[in-house]
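K.L.:
Got a structure for you, work.txt, holding compact mmCIF, C-alpha atoms and all ligand atoms.
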```
# COMPACT_ATOMS: atom_id res chain seq x y z
CA MET W 1162 51.31 141.19 -125.33
CA ILE W 1163 51.50 140.73 -121.57
CA TYR W 1164 54.21 142.59 -119.77
CA ALA W 1165 54.68 140.75 -116.48
CA ASP W 1166 57.87 142.33 -115.15
CA TYR W 1167 56.53 145.20 -113.05
CA ASN W 1168 58.97 144.45 -110.23
CA GLY W 1169 61.78 144.96 -112.73
CA SER W 1170 60.37 148.19 -114.14
CA ALA W 1171 56.86 149.43 -114.76
CA PRO W 1172 55.91 150.78 -118.19
CA MET W 1173 54.95 154.43 -118.11
CA LEU W 1174 51.35 154.81 -116.94
CA ALA W 1175 48.77 156.04 -119.47
CA VAL W 1176 48.11 159.15 -117.35
CA VAL W 1177 51.82 159.93 -117.35
CA ARG W 1178 52.05 159.48 -121.13
CA ASP W 1179 49.05 161.77 -121.68
CA TYR W 1180 50.54 164.35 -119.36
CA LEU W 1181 53.94 164.24 -121.07
CA LYS W 1182 52.48 164.61 -124.56
CA LYS W 1183 51.03 167.96 -123.51
CA ARG W 1184 53.90 168.90 -121.22
CA ILE W 1185 56.51 168.51 -123.95
CA ASP W 1186 54.67 170.99 -126.16
CA SER W 1187 54.42 173.57 -123.37
CA ASP W 1188 56.82 176.48 -123.01
CA LEU W 1189 57.50 175.68 -119.40
CA TYR W 1190 61.23 174.94 -119.55
CA ALA W 1191 63.73 176.77 -117.39
CA ASN W 1192 66.03 176.37 -114.45
CA PRO W 1193 63.73 176.01 -111.43
CA ASN W 1194 66.29 177.92 -109.37
CA ALA W 1195 66.18 181.00 -111.59
CA ILE W 1196 64.29 183.94 -110.17
CA HIS W 1197 62.51 184.84 -113.40
CA SER W 1198 58.85 183.96 -113.55
CA ILE W 1199 59.22 180.80 -115.69
CA GLY W 1200 61.84 179.41 -113.30
CA GLN W 1201 59.67 180.28 -110.33
CA LYS W 1202 56.60 178.67 -111.87
CA ILE W 1203 58.54 175.43 -112.36
CA TYR W 1204 59.94 175.67 -108.82
CA GLN W 1205 56.43 176.08 -107.41
CA GLY W 1206 55.40 173.06 -109.48
CA ILE W 1207 58.10 170.97 -107.78
CA GLU W 1208 56.90 172.11 -104.36
CA LYS W 1209 53.31 171.30 -105.29
CA CYS W 1210 54.43 167.79 -106.30
CA ARG W 1211 56.28 167.43 -102.99
CA GLU W 1212 53.06 168.31 -101.19
CA ILE W 1213 50.93 165.90 -103.24
CA ILE W 1214 53.41 163.05 -102.77
CA SER W 1215 53.78 163.67 -99.04
CA GLY W 1216 49.99 163.35 -98.66
CA ILE W 1217 50.08 159.99 -100.46
CA VAL W 1218 53.06 158.45 -98.67
CA GLY W 1219 52.17 159.81 -95.21
CA CYS W 1220 54.92 162.26 -94.38
CA TYR W 1221 55.53 166.03 -94.35
CA PRO W 1222 56.64 167.72 -97.58
CA ASP W 1223 59.94 168.79 -96.02
CA GLN W 1224 60.79 165.14 -95.30
CA ILE W 1225 60.97 164.38 -99.05
CA PHE W 1226 64.18 164.79 -101.10
CA PHE W 1227 63.96 164.20 -104.83
CA ASN W 1228 66.70 162.26 -106.61
CA SER W 1229 67.30 159.82 -109.48
CA GLY W 1230 65.81 156.67 -107.91
CA SER W 1231 66.37 154.06 -105.27
CA SER W 1232 70.03 153.20 -105.84
CA GLU W 1233 70.82 156.85 -105.23
CA GLY W 1234 68.40 157.09 -102.32
CA ILE W 1235 69.89 154.03 -100.66
CA SER W 1236 73.43 155.32 -101.22
CA HIS W 1237 72.42 158.68 -99.75
CA VAL W 1238 70.97 157.20 -96.57
CA LEU W 1239 73.86 154.77 -96.03
CA PHE W 1240 76.41 157.52 -96.65
CA SER W 1241 74.64 159.90 -94.26
CA ILE W 1242 74.50 157.43 -91.40
CA LEU W 1243 77.60 155.31 -91.87
CA GLU W 1244 80.10 157.94 -92.93
CA TYR W 1245 79.17 160.06 -89.91
CA ALA W 1246 78.66 157.29 -87.31
CA PRO W 1247 80.70 157.60 -84.12
CA LYS W 1248 83.64 155.15 -83.96
CA ASP W 1249 82.08 153.03 -81.21
CA LYS W 1250 78.98 152.36 -83.32
CA ASN W 1251 80.51 149.83 -85.67
CA ILE W 1252 77.68 147.32 -86.20
CA ILE W 1253 75.25 147.28 -89.12
CA ILE W 1254 72.32 144.88 -89.06
CA THR W 1255 70.76 143.81 -92.33
CA SER W 1256 68.94 140.84 -93.87
CA PRO W 1257 70.29 138.26 -96.34
CA ILE W 1258 67.69 139.20 -98.99
CA GLU W 1259 68.36 142.88 -99.64
CA HIS W 1260 68.60 144.26 -103.17
CA ALA W 1261 72.20 144.20 -104.49
CA VAL W 1262 72.68 147.93 -103.78
CA ILE W 1263 72.67 147.31 -100.03
CA PRO W 1264 75.22 144.47 -99.70
CA LYS W 1265 77.52 146.24 -102.18
CA ALA W 1266 77.38 149.52 -100.27
CA LEU W 1267 77.77 147.76 -96.92
CA LYS W 1268 80.85 145.92 -98.18
CA PHE W 1269 82.32 149.30 -99.07
CA TYR W 1270 81.71 150.68 -95.56
CA GLU W 1271 82.95 147.45 -94.00
CA GLN W 1272 86.25 147.79 -95.85
CA ARG W 1273 86.53 151.56 -95.54
CA ARG W 1274 85.43 152.14 -91.98
CA GLY W 1275 85.68 148.73 -90.33
CA PHE W 1276 81.97 148.15 -89.75
CA LYS W 1277 80.91 144.63 -88.81
CA ILE W 1278 77.86 143.39 -90.68
CA GLU W 1279 75.35 141.17 -88.92
CA LYS W 1280 72.61 139.39 -90.86
CA THR W 1281 69.26 138.39 -89.46
CA GLY W 1282 67.92 134.89 -89.92
CA LEU W 1283 65.16 134.16 -92.40
CA ASP W 1284 62.36 131.64 -92.18
CA GLU W 1285 61.52 129.20 -94.98
CA ASN W 1286 58.90 131.63 -96.33
CA GLY W 1287 61.48 134.36 -96.80
CA VAL W 1288 60.43 136.47 -93.81
CA VAL W 1289 63.05 138.09 -91.57
CA GLU W 1290 63.16 136.46 -88.14
CA ILE W 1291 62.16 139.21 -85.79
CA GLU W 1292 63.36 137.30 -82.69
CA HIS W 1293 66.81 137.02 -84.21
CA LEU W 1294 66.82 140.72 -84.98
CA GLU W 1295 65.96 141.47 -81.37
CA LYS W 1296 68.74 139.17 -80.20
CA LEU W 1297 71.23 141.03 -82.41
CA LEU W 1298 70.01 144.43 -81.23
CA LYS W 1299 70.35 143.32 -77.60
CA GLN W 1300 73.78 141.81 -78.17
CA HIS W 1301 75.03 145.00 -79.86
CA GLN W 1302 73.14 147.49 -77.72
CA GLY W 1303 74.69 150.96 -78.00
CA LYS W 1304 77.00 149.78 -80.79
CA THR W 1305 74.63 149.49 -83.76
CA ALA W 1306 74.80 152.32 -86.28
CA LEU W 1307 71.96 151.21 -88.53
CA VAL W 1308 69.38 148.53 -89.27
CA THR W 1309 68.67 148.25 -92.99
CA ILE W 1310 65.90 145.83 -93.98
CA MET W 1311 63.57 146.00 -96.97
CA ALA W 1312 59.77 146.26 -96.86
CA VAL W 1313 59.06 143.87 -99.75
CA ASN W 1314 61.44 141.54 -101.50
CA ASN W 1315 61.73 142.21 -105.22
CA GLU W 1316 62.08 138.54 -106.22
CA THR W 1317 59.47 136.85 -104.07
CA GLY W 1318 57.16 139.78 -103.29
CA VAL W 1319 57.23 138.62 -99.65
CA MET W 1320 56.33 141.40 -97.21
CA GLN W 1321 58.67 141.95 -94.30
CA PRO W 1322 57.49 142.89 -90.79
CA TYR W 1323 58.82 146.42 -91.14
CA GLU W 1324 56.49 147.96 -88.56
CA LYS W 1325 57.68 145.47 -85.93
CA ILE W 1326 61.26 146.06 -87.02
CA ALA W 1327 60.74 149.82 -86.61
CA LYS W 1328 59.36 149.33 -83.08
CA LEU W 1329 62.36 147.26 -82.08
CA CYS W 1330 64.73 149.83 -83.55
CA GLN W 1331 62.98 152.60 -81.64
CA HIS W 1332 63.28 150.58 -78.44
CA TYR W 1333 67.01 150.06 -78.97
CA LYS W 1334 67.46 153.63 -80.29
CA VAL W 1335 68.88 152.57 -83.64
CA ASP W 1336 68.08 154.24 -86.98
CA PHE W 1337 66.02 152.05 -89.28
CA PHE W 1338 66.27 152.36 -93.04
CA CYS W 1339 63.52 150.51 -94.86
CA ASP W 1340 64.04 149.92 -98.58
CA THR W 1341 60.47 150.57 -99.72
CA THR W 1342 61.25 150.50 -103.47
CA GLN W 1343 58.82 147.63 -104.08
CA LEU W 1344 56.12 148.98 -101.78
CA ILE W 1345 55.62 152.70 -102.34
CA GLY W 1346 53.21 153.18 -105.24
CA LYS W 1347 52.55 149.42 -105.38
CA GLY W 1348 51.00 148.54 -102.03
CA GLU W 1349 49.64 150.13 -98.88
CA PHE W 1350 52.32 152.24 -97.14
CA ASN W 1351 52.33 155.17 -94.76
CA PHE W 1352 55.72 156.52 -93.74
CA GLU W 1353 54.68 157.93 -90.39
CA ALA W 1354 52.76 154.81 -89.38
CA SER W 1355 55.64 152.58 -90.53
CA GLY W 1356 57.92 153.98 -87.85
CA ALA W 1357 60.91 153.85 -90.23
CA ASP W 1358 63.54 156.59 -90.11
CA PHE W 1359 64.21 156.52 -93.84
CA ALA W 1360 62.44 155.16 -96.92
CA VAL W 1361 62.93 155.39 -100.69
CA CYS W 1362 60.87 155.42 -103.88
CA SER W 1363 61.86 154.87 -107.50
CA GLY W 1364 59.92 156.43 -110.39
CA HIS W 1365 60.41 153.58 -112.84
CA LYS W 1366 58.83 151.10 -110.43
CA VAL W 1367 55.61 153.12 -110.25
CA GLY W 1368 55.04 154.09 -113.89
CA ALA W 1369 56.68 157.53 -113.70
CA LEU W 1370 59.76 158.53 -115.69
CA THR W 1371 62.88 156.51 -115.03
CA GLY W 1372 65.72 158.46 -113.41
CA THR W 1373 63.41 159.95 -110.78
CA GLY W 1374 62.67 159.09 -107.17
CA PHE W 1375 63.01 160.32 -103.63
CA VAL W 1376 64.23 159.65 -100.13
CA ILE W 1377 61.99 160.23 -97.12
CA ALA W 1378 63.73 161.14 -93.86
CA LYS W 1379 61.93 161.32 -90.52
CA GLU W 1380 64.57 163.74 -89.28
CA PRO W 1381 65.95 165.47 -92.37
CA THR W 1382 68.96 166.80 -90.43
CA LYS W 1383 70.26 163.22 -90.33
CA LEU W 1384 70.76 163.35 -94.10
CA LYS W 1385 74.13 164.73 -95.22
CA SER W 1386 75.01 166.35 -98.50
CA HIS W 1387 76.16 163.63 -100.90
CA VAL W 1388 75.98 165.41 -104.25
CA TYR W 1389 77.68 168.77 -103.98
CA GLY W 1390 76.27 171.67 -105.91
CA SER W 1391 73.94 174.56 -105.24
CA SER W 1392 71.26 174.58 -102.62
CA GLN W 1393 68.78 172.30 -104.38
CA GLU W 1394 66.91 169.91 -102.09
CA LYS W 1395 68.05 171.98 -99.10
CA GLY W 1396 71.67 171.57 -100.13
CA LEU W 1397 71.54 167.79 -99.63
CA ARG W 1398 71.38 166.83 -103.30
CA GLY W 1399 72.94 169.37 -105.61
CA GLY W 1400 72.11 169.57 -109.30
CA THR W 1401 69.34 171.17 -111.30
CA GLN W 1402 66.15 169.34 -110.44
CA HIS W 1403 64.62 166.83 -112.87
CA TYR W 1404 61.38 168.77 -112.65
CA ILE W 1405 59.47 166.95 -115.38
CA GLY W 1406 60.43 163.69 -113.71
CA VAL W 1407 59.16 165.02 -110.38
CA GLU W 1408 55.88 165.99 -112.05
CA THR W 1409 55.48 162.44 -113.39
CA LEU W 1410 56.13 161.03 -109.91
CA ALA W 1411 53.24 163.07 -108.50
CA ILE W 1412 50.97 161.96 -111.36
CA ALA W 1413 51.89 158.28 -111.08
CA LEU W 1414 51.48 158.18 -107.29
CA THR W 1415 48.15 160.06 -107.50
CA ASP W 1416 46.98 157.48 -110.04
CA PHE W 1417 48.08 154.67 -107.74
CA GLN W 1418 46.24 156.28 -104.83
CA SER W 1419 42.97 156.57 -106.73
CA ASN W 1420 43.16 152.96 -107.99
CA LYS W 1421 44.29 151.35 -104.75
CA ASP W 1422 41.03 149.47 -104.31
CA LYS W 1423 41.99 147.32 -107.34
CA LEU W 1424 44.82 145.74 -105.34
CA ILE W 1425 42.33 143.37 -103.74
CA ALA W 1426 41.16 142.14 -107.15
CA LEU W 1427 44.80 141.75 -108.20
CA ALA W 1428 45.63 139.66 -105.12
CA ASP W 1429 42.48 137.51 -105.64
CA ALA W 1430 43.24 136.90 -109.32
CA ARG W 1431 46.84 136.00 -108.43
CA SER W 1432 45.61 133.55 -105.85
CA HIS W 1433 43.20 131.86 -108.33
CA PHE W 1434 45.95 131.67 -110.91
CA GLU W 1435 48.31 130.00 -108.42
CA THR W 1436 45.67 127.51 -107.33
CA LYS W 1437 44.89 126.61 -110.94
CA ILE W 1438 48.50 126.14 -112.00
CA LYS W 1439 49.11 123.91 -108.96
CA ASN W 1440 46.01 121.87 -109.80
CA LEU W 1441 47.30 121.36 -113.32
CA PHE W 1442 50.86 120.57 -112.18
CA PRO W 1443 51.00 119.40 -108.55
CA GLU W 1444 54.81 119.44 -108.60
CA VAL W 1445 54.84 123.23 -109.06
CA VAL W 1446 56.19 125.30 -106.14
CA ILE W 1447 55.06 128.85 -105.36
CA ILE W 1448 57.70 130.62 -103.30
CA GLY W 1449 56.40 132.42 -100.21
CA GLU W 1450 52.81 131.38 -100.84
CA LYS W 1451 51.97 130.98 -97.14
CA VAL W 1452 52.80 134.55 -96.15
CA PRO W 1453 51.59 138.02 -97.21
CA ARG W 1454 53.05 139.09 -100.53
CA LEU W 1455 52.83 142.10 -102.78
CA ALA W 1456 49.69 141.77 -104.91
CA GLY W 1457 50.58 140.74 -108.46
CA THR W 1458 53.87 138.96 -107.69
CA THR W 1459 54.28 135.19 -108.14
CA LEU W 1460 57.62 133.40 -108.04
CA VAL W 1461 56.84 129.99 -109.45
CA SER W 1462 59.04 126.98 -110.15
CA TYR W 1463 58.57 123.68 -111.92
CA PRO W 1464 61.40 121.66 -110.37
CA GLY W 1465 63.70 120.27 -113.02
CA ILE W 1466 62.74 122.76 -115.74
CA HIS W 1467 65.08 125.72 -116.20
CA GLY W 1468 63.41 129.08 -115.57
CA GLN W 1469 65.09 130.46 -118.69
CA ALA W 1470 63.47 127.78 -120.84
CA VAL W 1471 60.05 128.75 -119.47
CA GLN W 1472 60.84 132.41 -119.99
CA ILE W 1473 61.70 131.77 -123.67
CA GLU W 1474 58.56 129.69 -124.17
CA LEU W 1475 56.40 132.42 -122.66
CA GLU W 1476 58.06 135.02 -124.83
CA SER W 1477 56.97 133.01 -127.87
CA HIS W 1478 53.42 133.65 -126.55
CA ASP W 1479 54.27 137.38 -126.30
CA ILE W 1480 54.47 137.22 -122.50
CA PHE W 1481 57.40 138.87 -120.75
CA VAL W 1482 58.60 137.55 -117.39
CA THR W 1483 61.99 137.23 -115.71
CA THR W 1484 63.87 134.54 -113.84
CA SER W 1485 65.75 135.36 -110.67
CA ALA W 1486 68.50 132.86 -111.23
CA ALA W 1487 71.79 134.29 -112.45
CA CYS W 1488 73.27 132.39 -115.37
CA SER W 1489 76.89 131.30 -115.30
CA ASP W 1490 78.41 128.97 -117.92
CA ASN W 1491 74.98 128.37 -119.31
CA GLN W 1492 73.98 126.82 -116.00
CA PRO W 1493 71.44 128.81 -114.01
CA GLU W 1494 72.29 129.31 -110.36
CA THR W 1495 69.79 129.62 -107.56
CA SER W 1496 69.58 133.28 -106.55
CA GLU W 1497 71.09 134.50 -103.27
CA VAL W 1498 67.61 135.33 -101.97
CA LEU W 1499 66.35 131.81 -102.58
CA LYS W 1500 69.54 130.28 -101.17
CA ALA W 1501 69.02 132.34 -98.00
CA MET W 1502 65.51 130.89 -97.80
CA GLY W 1503 66.93 127.37 -98.01
CA VAL W 1504 65.38 126.69 -101.44
CA ASN W 1505 67.17 123.79 -103.15
CA ASP W 1506 68.69 124.08 -106.64
CA ASN W 1507 66.06 121.82 -108.14
CA VAL W 1508 63.45 124.45 -107.34
CA GLY W 1509 65.74 127.51 -107.37
CA ARG W 1510 66.92 127.01 -110.95
CA GLY W 1511 63.38 126.65 -112.17
CA VAL W 1512 61.83 129.89 -111.01
CA ILE W 1513 60.18 132.54 -113.13
CA ARG W 1514 58.89 135.79 -111.65
CA ILE W 1515 55.52 137.02 -112.80
CA SER W 1516 54.82 140.57 -111.64
CA LEU W 1517 51.74 142.43 -112.83
CA ASN W 1518 49.92 145.65 -112.03
CA CYS W 1519 46.21 146.42 -111.75
CA SER W 1520 45.34 146.72 -115.44
CA ASN W 1521 43.62 143.87 -117.37
CA ILE W 1522 43.82 141.70 -114.27
CA ASP W 1523 41.52 138.82 -115.27
CA SER W 1524 42.56 138.49 -118.91
CA ASN W 1525 46.27 138.69 -118.04
CA TYR W 1526 46.05 135.85 -115.53
CA GLU W 1527 43.81 133.79 -117.82
CA ASN W 1528 46.28 134.12 -120.72
CA LEU W 1529 49.23 133.47 -118.43
CA LEU W 1530 47.63 130.28 -117.16
CA GLN W 1531 47.08 129.02 -120.71
CA ALA W 1532 50.61 129.88 -121.86
CA LEU W 1533 52.35 128.63 -118.73
CA GLY W 1534 50.35 125.39 -118.86
CA THR W 1535 51.34 124.87 -122.50
CA SER W 1536 55.00 125.67 -121.72
CA TYR W 1537 55.22 123.32 -118.74
CA SER W 1538 53.51 120.50 -120.67
CA LYS W 1539 56.02 120.88 -123.48
CA LEU W 1540 59.13 121.31 -121.30
CA LYS W 1541 58.44 118.58 -118.78
CA LYS W 1542 59.01 116.04 -121.54
CA ILE W 1543 62.56 117.37 -121.85
CA LYS W 1544 63.35 118.11 -118.21
CA ALA W 1545 66.83 119.62 -117.94
CA PHE W 1546 67.94 118.45 -114.50
C1 LIG W 1601 64.10 146.42 -103.53
C2 LIG W 1601 64.85 147.28 -104.49
N1 LIG W 1601 65.72 148.21 -104.02
C3 LIG W 1601 66.41 149.00 -104.85
C4 LIG W 1601 66.30 148.92 -106.21
C5 LIG W 1601 67.08 149.84 -107.10
O1 LIG W 1601 66.21 150.77 -107.70
P1 LIG W 1601 66.64 151.77 -108.87
O2 LIG W 1601 66.54 150.97 -110.13
O3 LIG W 1601 65.64 152.87 -108.83
O4 LIG W 1601 67.99 152.26 -108.61
C6 LIG W 1601 65.42 147.96 -106.75
C7 LIG W 1601 65.30 147.80 -108.22
O5 LIG W 1601 65.10 146.72 -108.72
C8 LIG W 1601 64.67 147.14 -105.87
O6 LIG W 1601 63.81 146.22 -106.33
```
Let me see the structure of the file written as structure tokens.

P.N.:
Amino acid sequence: MIYADYNGSAPMLAVVRDYLKKRIDSDLYANPNAIHSIGQKIYQGIEKCREIISGIVGCYPDQIFFNSGSSEGISHVLFSILEYAPKDKNIIITSPIEHAVIPKALKFYEQRRGFKIEKTGLDENGVVEIEHLEKLLKQHQGKTALVTIMAVNNETGVMQPYEKIAKLCQHYKVDFFCDTTQLIGKGEFNFEASGADFAVCSGHKVGALTGTGFVIAKEPTKLKSHVYGSSQEKGLRGGTQHYIGVETLAIALTDFQSNKDKLIALADARSHFETKIKNLFPEVVIIGEKVPRLAGTTLVSYPGIHGQAVQIELESHDIFVTTSAACSDNQPETSEVLKAMGVNDNVGRGVIRISLNCSNIDSNYENLLQALGTSYSKLKKIKAF
């Protein structure tokens, strides 16, 4: 079996599984906010995890706020900035390729508080146009409440120039939220060096327990309480902490940190795989191939063959991938991200996303090449459009 949907969700890491097997049989269960010794031991464990994680992501422990994952983290940051923005700061700048959480939340604030949403341009490789961002920042100087642009796109794996974006935002004195869900624990990232004001991480993307994650805030006082309760997470996120989840986050990120050197091998193997599949089928298109991408992500299309058909074929080889096209009336539609990149339907309807991690790198790509080759050979005889 090859699980190739790490951008969707990563299976629990072996180190996390081993830890949980022992952890479940321990007697260490209590409310971390209780003052008895078991509660205090668990509380200290959370703080230790905060310290470990802060060392890995490049921030101070008190800049980290644990939560249930990125959708919550994103909602927390947007709420904190947009709900409390002064009336004259009514512009939000974003990109056309953000994860669905962002446009949905921004629509809410647009309707509720009258914000105007500006979108940056995008080049044909799926990279945010930095010159256009600067133009927007200049045009709306003093009126922009927030810039929210992701670090890595979940569909294409294309890296965004977030450090340059952060510099521009600093220059124009605008808060910058960078959705780092697909970068933290998957690629090189340092919060302080990034220059971002806020970032997020999701446990299920990094092989920790699902339902865990955190927000990082450069200036924690900019975060406002969004889940009322007791004083957990400095009163900003009420609710008894998911302490076992937090422990798995620290384990997963530590594992990532000690295996980071394998990312080069992953990127090399991906590159060989892409070259080989294009040699076999010259009509194949690799989205974003000319620009830096997250190691292990390939969005590949055989124009004229539905991505879903390829997905089903691969599944018959015990290989699990996704397509990014939404299906309506049995007709796949090019995703919003690909539309924003100017990808035509012929290519857009044909994409499958292959996203792997650093284990079994060579054999996974070798088997994928065989199975994808077989699938394309079979399906091209019955091209759908
Ligand atoms: C870029 C990006 N942001 C946010 C999310 C939402 O993350 P979560 O599932 O932790 O809520 C995802 C998940 O796919 C993502 O890829």

K.L.:
Nearest to Cys1210 (chain W): which of W:Tyr1404, W:Tyr1245, W:Tyr1463, W:Phe1240 is it, counting only C-alpha atoms?

P.N.:
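The shortest atom-to-atom distance to Cys1210 (chain W) comes from W:Tyr1404.
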
K.L.:
Write out as a ChimeraX atom specification each polymer residue (protein, DNA or RNA) that has an atom no more than 9 Å from ligand LIG 1601 (chain W), with all atoms listed in the file counted.

P.N.:
/W:1168-1170,1229-1235,1259-1263,1311-1316,1340-1344,1361-1366,1371-1374

K.L.:
For region 1318-1434 of chain W versus region 1183-1193 of chain W, which residues have an atom no more than 9 Å away, and what is each residue's nearest atom pair and distance in Å rounded to one decimal, using all atoms listed in the file, chain-then-number order, as CSV?

P.N.:
```
residue,atom,partner,partner_atom,distance
W:Thr1401,CA,W:Asn1192,CA,6.9
W:Gln1402,CA,W:Pro1193,CA,7.2
W:Tyr1404,CA,W:Pro1193,CA,7.7
W:Ile1405,CA,W:Arg1184,CA,8.3
```

K.L.:
Excluding Asp1429 (chain W) and its own-chain neighbours fewer than 3 positions away, which residues fall within 10 Å of it when counting only C-alpha atoms? Please give them as an MDAnalysis selection string.

P.N.:
chainID W and resid 1423:1426 1432:1435 1456:1457 1522:1523

K.L.:
Using Å and a single decimal, report how far CA of Gly1287 (chain W) sits from CA of Thr1317 (chain W).

P.N.:
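Pair CA of Thr1317 (chain W) / CA of Gly1287 (chain W) returns 7.9 Å.
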
K.L.:
Ser1520 (chain W): which residues within 12 Å, counting all atoms listed in the file, same-chain residues fewer than 3 positions away excluded, as JSON, numbers by chain?

P.N.:
{"W": [1163, 1164, 1165, 1167, 1171, 1172, 1174, 1175, 1417, 1420, 1421, 1423, 1424, 1426, 1427, 1430, 1457, 1516, 1517, 1523, 1524, 1525, 1526]}

K.L.:
As an exercise, work out the distance from CA of Asn1194 (chain W) to CA of Val1376 (chain W) in Å and give it to one decimal place.

P.N.:
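Going from CA of Asn1194 (chain W) over to CA of Val1376 (chain W) covers 20.6 Å.
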
K.L.:
What is the distance, in Å and to one decimal place, between CA of Glu1380 (chain W) and CA of Pro1247 (chain W)?

P.N.:
18.0 Å

K.L.:
Which of these residues is nearest to Ser1462 (chain W), using all atoms listed in the file: W:Ile1543, W:Ile1438, W:Leu1499, W:Ile1513?

P.N.:
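Ranking W:Ile1543, W:Ile1438, W:Leu1499, W:Ile1513 by distance to Ser1462 (chain W), first place goes to W:Ile1513.
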
K.L.:
Find the residue from W:Gly1275, W:Gly1216, W:Gly1303, W:Pro1264 that sits nearest to Asn1351 (chain W); use all atoms listed in the file when measuring.

P.N.:
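Among the listed residues, the smallest separation from Asn1351 (chain W) belongs to W:Gly1216.
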
K.L.:
For Tyr1333 (chain W), please output as a compact mmCIF listing (two decimals) with C-alpha atoms, in the frame of the given file all residues within 10 Å (counting only C-alpha atoms; exclusion window: fewer than 5 positions along the same chain).

P.N.:
```txt
# COMPACT_ATOMS: atom_id res chain seq x y z
CA GLU W 1295 65.96 141.47 -81.37
CA LEU W 1298 70.01 144.43 -81.23
CA LYS W 1299 70.35 143.32 -77.60
CA HIS W 1301 75.03 145.00 -79.86
CA GLN W 1302 73.14 147.49 -77.72
CA GLY W 1303 74.69 150.96 -78.00
CA THR W 1305 74.63 149.49 -83.76
CA ALA W 1327 60.74 149.82 -86.61
CA LYS W 1328 59.36 149.33 -83.08
```

K.L.:
Determine the nearest neighbour of Gly1465 (chain W) from the options W:Thr1415, W:Ser1241, W:Asn1505, W:Thr1436, counting all atoms listed in the file.

P.N.:
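Among W:Thr1415, W:Ser1241, W:Asn1505, W:Thr1436, it is W:Asn1505 that comes nearest to Gly1465 (chain W).
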
K.L.:
Quick one: of W:Arg1514, W:Lys1379, W:Lys1385, W:Lys1451, who's nearest to Gly1399 (chain W), counting only C-alpha atoms?

P.N.:
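With only C-alpha atoms as the atom set, the closest residue is W:Lys1385.
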
K.L.:
Contacts of Arg1274 (chain W) at 9 Å or less, counting only C-alpha atoms, minus same-chain residues fewer than 3 places along, as a list in words?

P.N.:
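After dropping sequence-adjacent residues, the list is Leu1243, Glu1244, Lys1248, Asn1251, Phe1269, Tyr1270 and Glu1271 of chain W.
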